[in-house]
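Shown next: target.tsv, containing TSV, C-alpha atoms and all ligand atoms.
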```tsv
chain	number	residue	atom	x	y	z
A	1	MET	CA	120.86	-0.10	97.20
A	2	SER	CA	120.22	-3.53	98.73
A	3	GLY	CA	117.37	-3.96	101.18
A	4	LYS	CA	117.44	-5.01	104.82
A	5	LEU	CA	116.73	-8.17	106.73
A	6	ILE	CA	115.33	-7.35	110.17
A	7	VAL	CA	114.92	-10.38	112.40
A	8	PHE	CA	112.96	-10.96	115.61
A	9	GLU	CA	114.42	-13.56	117.96
A	10	GLY	CA	113.72	-14.81	121.47
A	11	VAL	CA	112.29	-17.64	123.53
A	12	GLU	CA	108.71	-18.90	123.25
A	13	GLY	CA	106.17	-16.24	124.13
A	14	SER	CA	108.71	-13.39	124.25
A	15	GLY	CA	106.52	-11.27	121.96
A	16	LYS	CA	108.19	-11.71	118.56
A	17	SER	CA	105.03	-12.00	116.48
A	18	THR	CA	103.28	-9.24	118.44
A	19	GLN	CA	106.18	-6.83	117.95
A	20	LEU	CA	106.78	-7.75	114.31
A	21	LEU	CA	103.20	-6.77	113.52
A	22	ARG	CA	103.50	-3.56	115.52
A	23	LEU	CA	106.72	-2.63	113.73
A	24	GLN	CA	105.12	-3.28	110.35
A	25	GLN	CA	102.23	-0.98	111.28
A	26	TRP	CA	104.56	1.72	112.61
A	27	LEU	CA	106.79	1.63	109.51
A	28	ALA	CA	103.74	1.87	107.23
A	29	VAL	CA	102.96	5.37	108.54
A	30	HIS	CA	106.52	6.53	109.25
A	31	PRO	CA	107.18	9.68	107.15
A	32	ILE	CA	110.77	8.77	106.19
A	33	VAL	CA	109.78	5.23	105.24
A	34	GLN	CA	106.88	6.60	103.18
A	35	LYS	CA	109.32	8.88	101.33
A	36	LEU	CA	111.79	6.04	100.77
A	37	GLN	CA	108.93	4.01	99.32
A	38	ALA	CA	107.64	6.87	97.19
A	39	CYS	CA	111.16	7.25	95.67
A	40	ARG	CA	111.32	3.44	95.18
A	41	VAL	CA	114.48	3.32	97.32
A	42	VAL	CA	112.63	0.79	99.48
A	43	PRO	CA	109.97	-0.75	97.19
A	44	SER	CA	108.19	-2.60	99.98
A	45	VAL	CA	108.25	-3.88	103.55
A	46	ILE	CA	107.33	-7.55	103.75
A	47	THR	CA	106.77	-9.85	106.72
A	48	THR	CA	107.64	-13.51	106.88
A	49	ARG	CA	108.63	-16.23	109.32
A	50	GLU	CA	110.67	-19.36	109.94
A	51	PRO	CA	109.68	-22.03	109.70
A	52	GLY	CA	106.89	-21.52	107.18
A	53	GLY	CA	107.76	-18.58	104.90
A	54	THR	CA	107.14	-20.55	101.67
A	55	GLU	CA	104.68	-23.20	100.45
A	56	LEU	CA	107.27	-25.90	101.17
A	57	GLY	CA	108.00	-24.21	104.49
A	58	LYS	CA	104.34	-24.37	105.53
A	59	ALA	CA	104.40	-28.15	105.16
A	60	LEU	CA	107.71	-28.31	107.06
A	61	ARG	CA	106.31	-26.04	109.77
A	62	SER	CA	103.45	-28.37	110.48
A	63	LEU	CA	105.86	-31.33	110.62
A	64	LEU	CA	108.09	-29.41	113.03
A	65	LEU	CA	105.50	-27.89	115.35
A	66	ASP	CA	102.60	-30.32	115.20
A	67	ASN	CA	102.16	-32.31	118.38
A	68	GLN	CA	101.68	-35.45	116.26
A	69	SER	CA	105.41	-35.26	115.36
A	70	ALA	CA	106.53	-36.23	118.87
A	71	ALA	CA	108.84	-38.92	117.44
A	72	LEU	CA	110.84	-36.46	115.32
A	73	GLY	CA	114.54	-36.97	116.13
A	74	ALA	CA	116.95	-34.12	116.85
A	75	GLN	CA	119.01	-34.59	113.66
A	76	ALA	CA	115.93	-34.81	111.44
A	77	GLU	CA	114.55	-31.71	113.16
A	78	LEU	CA	117.77	-29.81	112.43
A	79	LEU	CA	117.70	-30.81	108.76
A	80	LEU	CA	114.04	-29.86	108.34
A	81	TYR	CA	114.79	-26.39	109.71
A	82	ALA	CA	117.73	-26.14	107.30
A	83	ALA	CA	115.52	-27.16	104.36
A	84	ASP	CA	112.91	-24.58	105.37
A	85	ARG	CA	115.59	-21.87	105.54
A	86	ALA	CA	117.24	-22.80	102.24
A	87	GLN	CA	113.91	-22.52	100.40
A	88	HIS	CA	112.97	-19.33	102.25
A	89	ILE	CA	116.26	-17.63	101.40
A	90	GLU	CA	116.07	-18.54	97.73
A	91	GLU	CA	112.39	-17.90	97.16
A	92	VAL	CA	111.60	-14.96	99.46
A	93	ILE	CA	114.44	-13.27	101.32
A	94	VAL	CA	117.16	-12.84	98.70
A	95	PRO	CA	114.80	-11.62	95.91
A	96	ALA	CA	113.24	-9.08	98.29
A	97	ILE	CA	116.60	-7.77	99.52
A	98	GLU	CA	117.97	-7.57	95.98
A	99	ALA	CA	114.96	-5.46	95.05
A	100	GLY	CA	115.82	-3.06	97.91
A	101	SER	CA	112.90	-4.12	100.11
A	102	TRP	CA	112.86	-4.69	103.83
A	103	VAL	CA	112.10	-8.13	105.19
A	104	LEU	CA	110.75	-8.42	108.73
A	105	CYS	CA	111.38	-12.03	109.68
A	106	ASP	CA	110.03	-13.92	112.71
A	107	ARG	CA	113.03	-16.10	113.74
A	108	PHE	CA	116.16	-16.89	111.68
A	109	ILE	CA	119.60	-18.51	112.12
A	110	ASP	CA	120.00	-17.63	115.81
A	111	SER	CA	116.94	-19.73	116.70
A	112	THR	CA	118.61	-22.81	115.21
A	113	VAL	CA	121.78	-22.17	117.22
A	114	ALA	CA	119.75	-21.57	120.38
A	115	TYR	CA	117.22	-24.43	120.03
A	116	GLN	CA	119.11	-27.17	118.22
A	117	GLY	CA	122.58	-26.19	119.49
A	118	TYR	CA	122.07	-25.07	123.09
A	119	GLY	CA	118.67	-26.72	123.63
A	120	ARG	CA	119.24	-30.11	121.96
A	121	GLY	CA	123.02	-30.16	122.38
A	122	LEU	CA	123.84	-30.67	118.68
A	123	SER	CA	127.21	-29.59	117.30
A	124	LEU	CA	127.45	-25.80	117.04
A	125	SER	CA	129.96	-26.00	114.19
A	126	LEU	CA	127.66	-28.34	112.23
A	127	ILE	CA	124.79	-25.89	112.75
A	128	GLU	CA	126.99	-23.03	111.59
A	129	GLN	CA	127.83	-24.96	108.42
A	130	LEU	CA	124.17	-25.78	107.76
A	131	ASN	CA	123.22	-22.16	108.32
A	132	ALA	CA	125.93	-21.09	105.87
A	133	ILE	CA	124.63	-23.53	103.23
A	134	ALA	CA	121.00	-22.54	103.76
A	135	THR	CA	121.56	-18.77	103.79
A	136	GLN	CA	124.20	-18.69	101.03
A	137	GLY	CA	125.93	-16.01	103.06
A	138	THR	CA	122.91	-13.75	103.64
A	139	SER	CA	122.82	-12.54	107.23
A	140	GLY	CA	120.43	-10.32	109.14
A	141	HIS	CA	121.25	-6.58	109.07
A	142	LEU	CA	119.55	-6.14	112.44
A	143	THR	CA	118.36	-8.73	114.95
A	144	LEU	CA	115.97	-7.61	117.67
A	145	TRP	CA	116.35	-10.05	120.54
A	146	LEU	CA	113.35	-9.96	122.84
A	147	GLN	CA	114.96	-10.71	126.15
A	148	LEU	CA	112.66	-12.51	128.57
A	149	ASP	CA	113.12	-15.39	131.04
A	150	ALA	CA	112.09	-18.74	129.59
A	151	GLU	CA	109.65	-19.16	132.47
A	152	GLN	CA	107.88	-15.86	131.81
A	153	GLY	CA	107.72	-16.58	128.08
A	154	LEU	CA	106.20	-20.01	128.64
A	155	ALA	CA	103.65	-18.53	131.04
A	156	ARG	CA	102.57	-16.14	128.27
A	157	SER	CA	102.38	-19.02	125.78
A	158	HIS	CA	100.20	-20.96	128.24
A	159	ARG	CA	97.84	-17.99	128.56
A	160	ARG	CA	97.69	-17.72	124.76
A	161	GLY	CA	96.29	-21.25	124.42
A	162	GLN	CA	97.24	-24.71	123.17
A	163	LEU	CA	100.98	-25.41	123.14
A	164	ASP	CA	102.88	-26.64	120.07
A	165	ARG	CA	105.46	-29.46	120.05
A	166	LEU	CA	108.39	-27.24	121.05
A	167	GLU	CA	106.48	-25.27	123.66
A	168	GLN	CA	105.72	-28.58	125.36
A	169	SER	CA	109.44	-29.28	125.96
A	170	GLY	CA	110.42	-28.84	129.60
A	171	LEU	CA	111.58	-25.67	131.32
A	172	THR	CA	115.24	-26.82	131.40
A	173	PHE	CA	115.25	-27.07	127.60
A	174	HIS	CA	113.88	-23.54	127.28
A	175	GLN	CA	116.39	-22.21	129.81
A	176	GLN	CA	119.20	-23.69	127.69
A	177	VAL	CA	117.67	-21.99	124.65
A	178	GLN	CA	117.65	-18.70	126.57
A	179	GLN	CA	121.32	-19.26	127.45
A	180	GLY	CA	121.98	-19.74	123.74
A	181	PHE	CA	120.44	-16.38	122.87
A	182	GLU	CA	122.44	-14.71	125.66
A	183	THR	CA	125.70	-16.15	124.35
A	184	LEU	CA	124.88	-15.16	120.76
A	185	ALA	CA	124.09	-11.59	121.85
A	186	GLU	CA	127.48	-11.39	123.58
A	187	GLN	CA	129.23	-12.76	120.48
A	188	HIS	CA	127.50	-10.46	117.96
A	189	PRO	CA	126.86	-7.11	119.64
A	190	GLU	CA	126.99	-5.27	116.27
A	191	ARG	CA	124.07	-7.27	114.87
A	192	ILE	CA	121.98	-8.38	117.86
A	193	VAL	CA	120.23	-5.67	119.87
A	194	PRO	CA	118.73	-6.80	123.19
A	195	ILE	CA	115.24	-5.47	123.89
A	196	ASN	CA	113.75	-5.59	127.38
A	197	ALA	CA	110.68	-7.73	126.68
A	198	THR	CA	109.42	-7.78	130.28
A	199	GLN	CA	107.75	-4.40	129.78
A	200	SER	CA	104.29	-3.71	128.38
A	201	GLU	CA	103.68	-4.29	124.68
A	202	GLU	CA	103.65	-0.53	124.14
A	203	ARG	CA	106.97	0.05	125.94
A	204	VAL	CA	108.62	-2.81	124.08
A	205	ALA	CA	107.38	-1.34	120.79
A	206	GLN	CA	108.86	2.05	121.74
A	207	GLN	CA	112.28	0.52	122.40
A	208	ILE	CA	112.20	-1.14	118.97
A	209	GLN	CA	111.11	2.09	117.29
A	210	THR	CA	114.05	3.94	118.87
A	211	VAL	CA	116.47	1.35	117.48
A	212	LEU	CA	114.86	1.57	114.04
A	213	GLU	CA	114.97	5.40	113.97
A	214	GLN	CA	118.73	5.20	114.51
A	215	ARG	CA	119.25	2.45	111.96
A	216	ILE	CA	117.21	4.20	109.27
A	217	LYS	CA	119.43	7.28	109.68
A	218	THR	CA	122.58	5.15	109.42
A	219	TRP	CA	121.31	3.17	106.45
A	220	TYR	CA	119.60	5.90	104.42
A	221	GLY	CA	121.10	9.16	105.72
A	222	ARG	CA	122.80	9.66	102.34
A	223	TYR	CA	119.42	10.33	100.74
A	224	SER	CA	119.67	13.99	101.64
A	225	GLN	CA	116.62	14.89	99.55
A	226	ILE	CA	114.57	12.85	102.00
A	227	TYR	CA	116.13	14.03	105.27
A	301	LIG	N1	104.88	-7.17	126.41
A	301	LIG	C1	103.96	-8.09	126.67
A	301	LIG	N2	103.42	-8.22	127.91
A	301	LIG	C2	102.51	-9.18	128.18
A	301	LIG	N3	102.02	-10.06	127.29
A	301	LIG	C3	102.53	-9.98	126.04
A	301	LIG	C4	103.50	-9.01	125.66
A	301	LIG	N4	103.81	-9.18	124.35
A	301	LIG	C5	103.06	-10.21	123.93
A	301	LIG	N5	102.28	-10.69	124.92
A	301	LIG	C6	101.34	-11.82	124.87
A	301	LIG	O1	102.12	-13.00	125.08
A	301	LIG	C7	101.71	-14.03	124.19
A	301	LIG	C8	102.90	-14.42	123.32
A	301	LIG	O2	103.20	-13.34	122.43
A	301	LIG	P1	103.69	-13.64	120.93
A	301	LIG	O3	102.80	-14.65	120.31
A	301	LIG	O4	103.87	-12.33	120.25
A	301	LIG	O5	105.11	-14.28	121.27
A	301	LIG	P2	106.09	-15.06	120.29
A	301	LIG	O6	107.46	-14.69	120.75
A	301	LIG	O7	105.73	-14.79	118.89
A	301	LIG	O8	105.77	-16.56	120.68
A	301	LIG	P3	106.16	-17.91	119.86
A	301	LIG	O9	107.60	-18.15	120.16
A	301	LIG	O10	105.29	-18.95	120.45
A	301	LIG	O11	105.87	-17.65	118.41
A	301	LIG	C9	100.52	-13.49	123.40
A	301	LIG	O12	99.35	-13.90	124.02
A	301	LIG	C10	100.70	-11.97	123.49
A	301	LIG	O13	99.46	-11.31	123.43
A	302	MG	MG	105.25	-16.11	117.33
```
Could you quickly redo this structure as structure tokens?
Ligand SMILES: Nc1ncnc2c1ncn2[C@@H]1O[C@H](COP(=O)(O)OP(=O)(O)OP(=O)(O)O)[C@@H](O)[C@H]1O
Ligand SMILES: [Mg+2]
Amino acid sequence: MSGKLIVFEGVEGSGKSTQLLRLQQWLAVHPIVQKLQACRVVPSVITTREPGGTELGKALRSLLLDNQSAALGAQAELLLYAADRAQHIEEVIVPAIEAGSWVLCDRFIDSTVAYQGYGRGLSLSLIEQLNAIATQGTSGHLTLWLQLDAEQGLARSHRRGQLDRLEQSGLTFHQQVQQGFETLAEQHPERIVPINATQSEERVAQQIQTVLEQRIKTWYGRYSQIY
């Protein structure tokens, strides 16, 4: 059975990295997941991110997020994200899914639509084509969209410390990005699950766990020896 790609999306500071780590820790001690792993149905649960999930991607990530790259143009930015994704898909995501593993990924195709499409105003159909080339048709099985106002997210990022190149873009840009995520969630209700990210870390984690409990039953319910 093929594995699963579980993606975390949302504006800056919405809690993606925090919740990805929490989900990884929760899955590691979940009895059903432990049984699926013991039977080698799900060999492993790995975590990764975009940009930066490969060696090439790490170099691209610093070009994309480093404040020194202020002169990076919108088209070049789009193509660097596409290059990062193409390498990530080929080297990390597809091999893991083919092995039956689960991949928890911090950002994926929706971020490009939201940031470069809605934020920068680049062609949505061009972005769709680039995403199709980079992913070779692999799409997320579940996307957890941490829904939080751009303003609240940026306030959290400010509290966290120094801001990267994208975080330094103005509030209007981030509001357009948020609008992008909202539109995507309306267009893909079967894949994108909105999570109320205004709540405490613990409450947000509980919402995500409830979604995962349901999905695990849907995905692996046929393994009756486990259930
Ligand atoms: N539910 C929450 N309530 C309040 N603060 C939170 C919550 N979740 C995370 N934080 C804090 O907000 C900051 C941003 O969280 P985190 O780094 O997980 O967000 P992110 O979505 O990964 O951000 P980025 O887009 O910059 O990668 C961190 O300092 C984190 O501790
Ligand atoms: Mg993060």
Using only C-alpha atoms, find each residue in range 47-123 of chain A having at least one atom no more than 10 Å away from range 151-163 of chain A; report its shortest atom-to-atom pair and that distance in Å (one decimal), rows by chain then rising number, as a Markdown table.
```
| residue | atom | partner | partner_atom | distance |
| --- | --- | --- | --- | --- |
| A:Leu65 | CA | A:Leu163 | CA | 9.3 |
| A:Asp66 | CA | A:Leu163 | CA | 9.5 |
| A:Asn67 | CA | A:Leu163 | CA | 8.5 |
```
Can you write out as a tab-separated table which residues of chain A fall within 8 Å of ligand MG 302 (chain A), alongside each residue's closest atom pair and its distance in Å to one decimal, counting all atoms listed in the file and ordering rows by chain and ascending residue number?
```
residue	atom	partner	partner_atom	distance
A:Glu12	CA	A:MG302	MG	7.4
A:Gly13	CA	A:MG302	MG	6.9
A:Gly15	CA	A:MG302	MG	6.8
A:Lys16	CA	A:MG302	MG	5.4
A:Ser17	CA	A:MG302	MG	4.2
A:Thr18	CA	A:MG302	MG	7.2
A:Asp106	CA	A:MG302	MG	7.0
```
Revision key, fill the gap. Computed gap from CA of Glu201 in chain A to atom C6 of ligand LIG 301 (chain A) is 7.9 Å
Check your understanding: Near Cys105 in chain A, within 8 Å and counting all atoms listed in the file, which residues show up once chain neighbours fewer than 6 positions away are dropped, as a ChimeraX atom specification?
Key -> /A:5-8,20,47-50
Check your understanding: From the set A:Gln207, A:Thr183, A:Asp164, A:Thr112, which residue has the shortest atom-to-atom contact distance to ligand LIG 301 (chain A), counting only C-alpha atoms and all ligand atoms?
Key -> A:Asp164
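For the atom pair formed by CA of Val41 in chain A and CA of Ile216 in chain A, the distance is 12.3 Å, given to one decimal.
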Exercise for review: Identify the residues around (118.5, 0.9, 100.5) within a radius of 7 Å, measuring from all atoms listed in the file in the coordinates stated by the file, and give them as an MDAnalysis selection string.
Suggested key: chainID A and resid 1:3 41:42 100 219:220
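Taking CA of Leu148 in chain A and atom O7 of ligand LIG 301 (chain A) as endpoints, the distance between them is 12.1 Å.
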Exercise for review: Fewer than 2 positions away in the same chain doesn't count, so skip those; otherwise give me all residues within 12 Å of range 70-77 of chain A, counting only C-alpha atoms, as a PyMOL selection string.
Suggested key: chain A and resi 51+60-68+79-84+112+115-117+119-123+126-127+130+164-169
Point to revise | Residues near Glu90 in chain A, cut-off 10 Å, only C-alpha atoms, skip fewer than 6 positions along chain, as a VMD selection string | key: chain A and resid 54 96 134 to 136
Would you compute an axis-aligned box for range 50-57 of chain A, covering every atom listed for it in the file with 5 Å of margin on each side, and report centre and edge lengths in Å to one decimal as lines of an AutoDock Vina configuration file?
```
center_x = 107.7
center_y = -22.2
center_z = 105.2
size_x = 16.0
size_y = 17.3
size_z = 19.5
```
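Ranking A:Gln129, A:Gln175, A:Asn196, A:Gln209 by their shortest atom-to-atom distance to ligand LIG 301 (chain A), with all atoms listed in the file included, puts A:Asn196 first.
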Quick one: residues within 8 Å of Ile208 in chain A, all atoms listed in the file counted, chain neighbours fewer than 4 positions away excluded, as a PDB file with C-alpha atoms, keeping the file's coordinate frame?
```pdb
ATOM      1  CA  LEU A  23     106.720  -2.630 113.730  1.00  0.00           C
ATOM      2  CA  LEU A 144     115.970  -7.610 117.670  1.00  0.00           C
ATOM      3  CA  ILE A 195     115.240  -5.470 123.890  1.00  0.00           C
ATOM      4  CA  VAL A 204     108.620  -2.810 124.080  1.00  0.00           C
ATOM      5  CA  LEU A 212     114.860   1.570 114.040  1.00  0.00           C
TER       6      LEU A 212
END
```
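Considering only C-alpha atoms and all ligand atoms, the residue among A:Ala99, A:Leu21, A:Val113, A:Ile32 positioned nearest to ligand LIG 301 (chain A) is A:Leu21.
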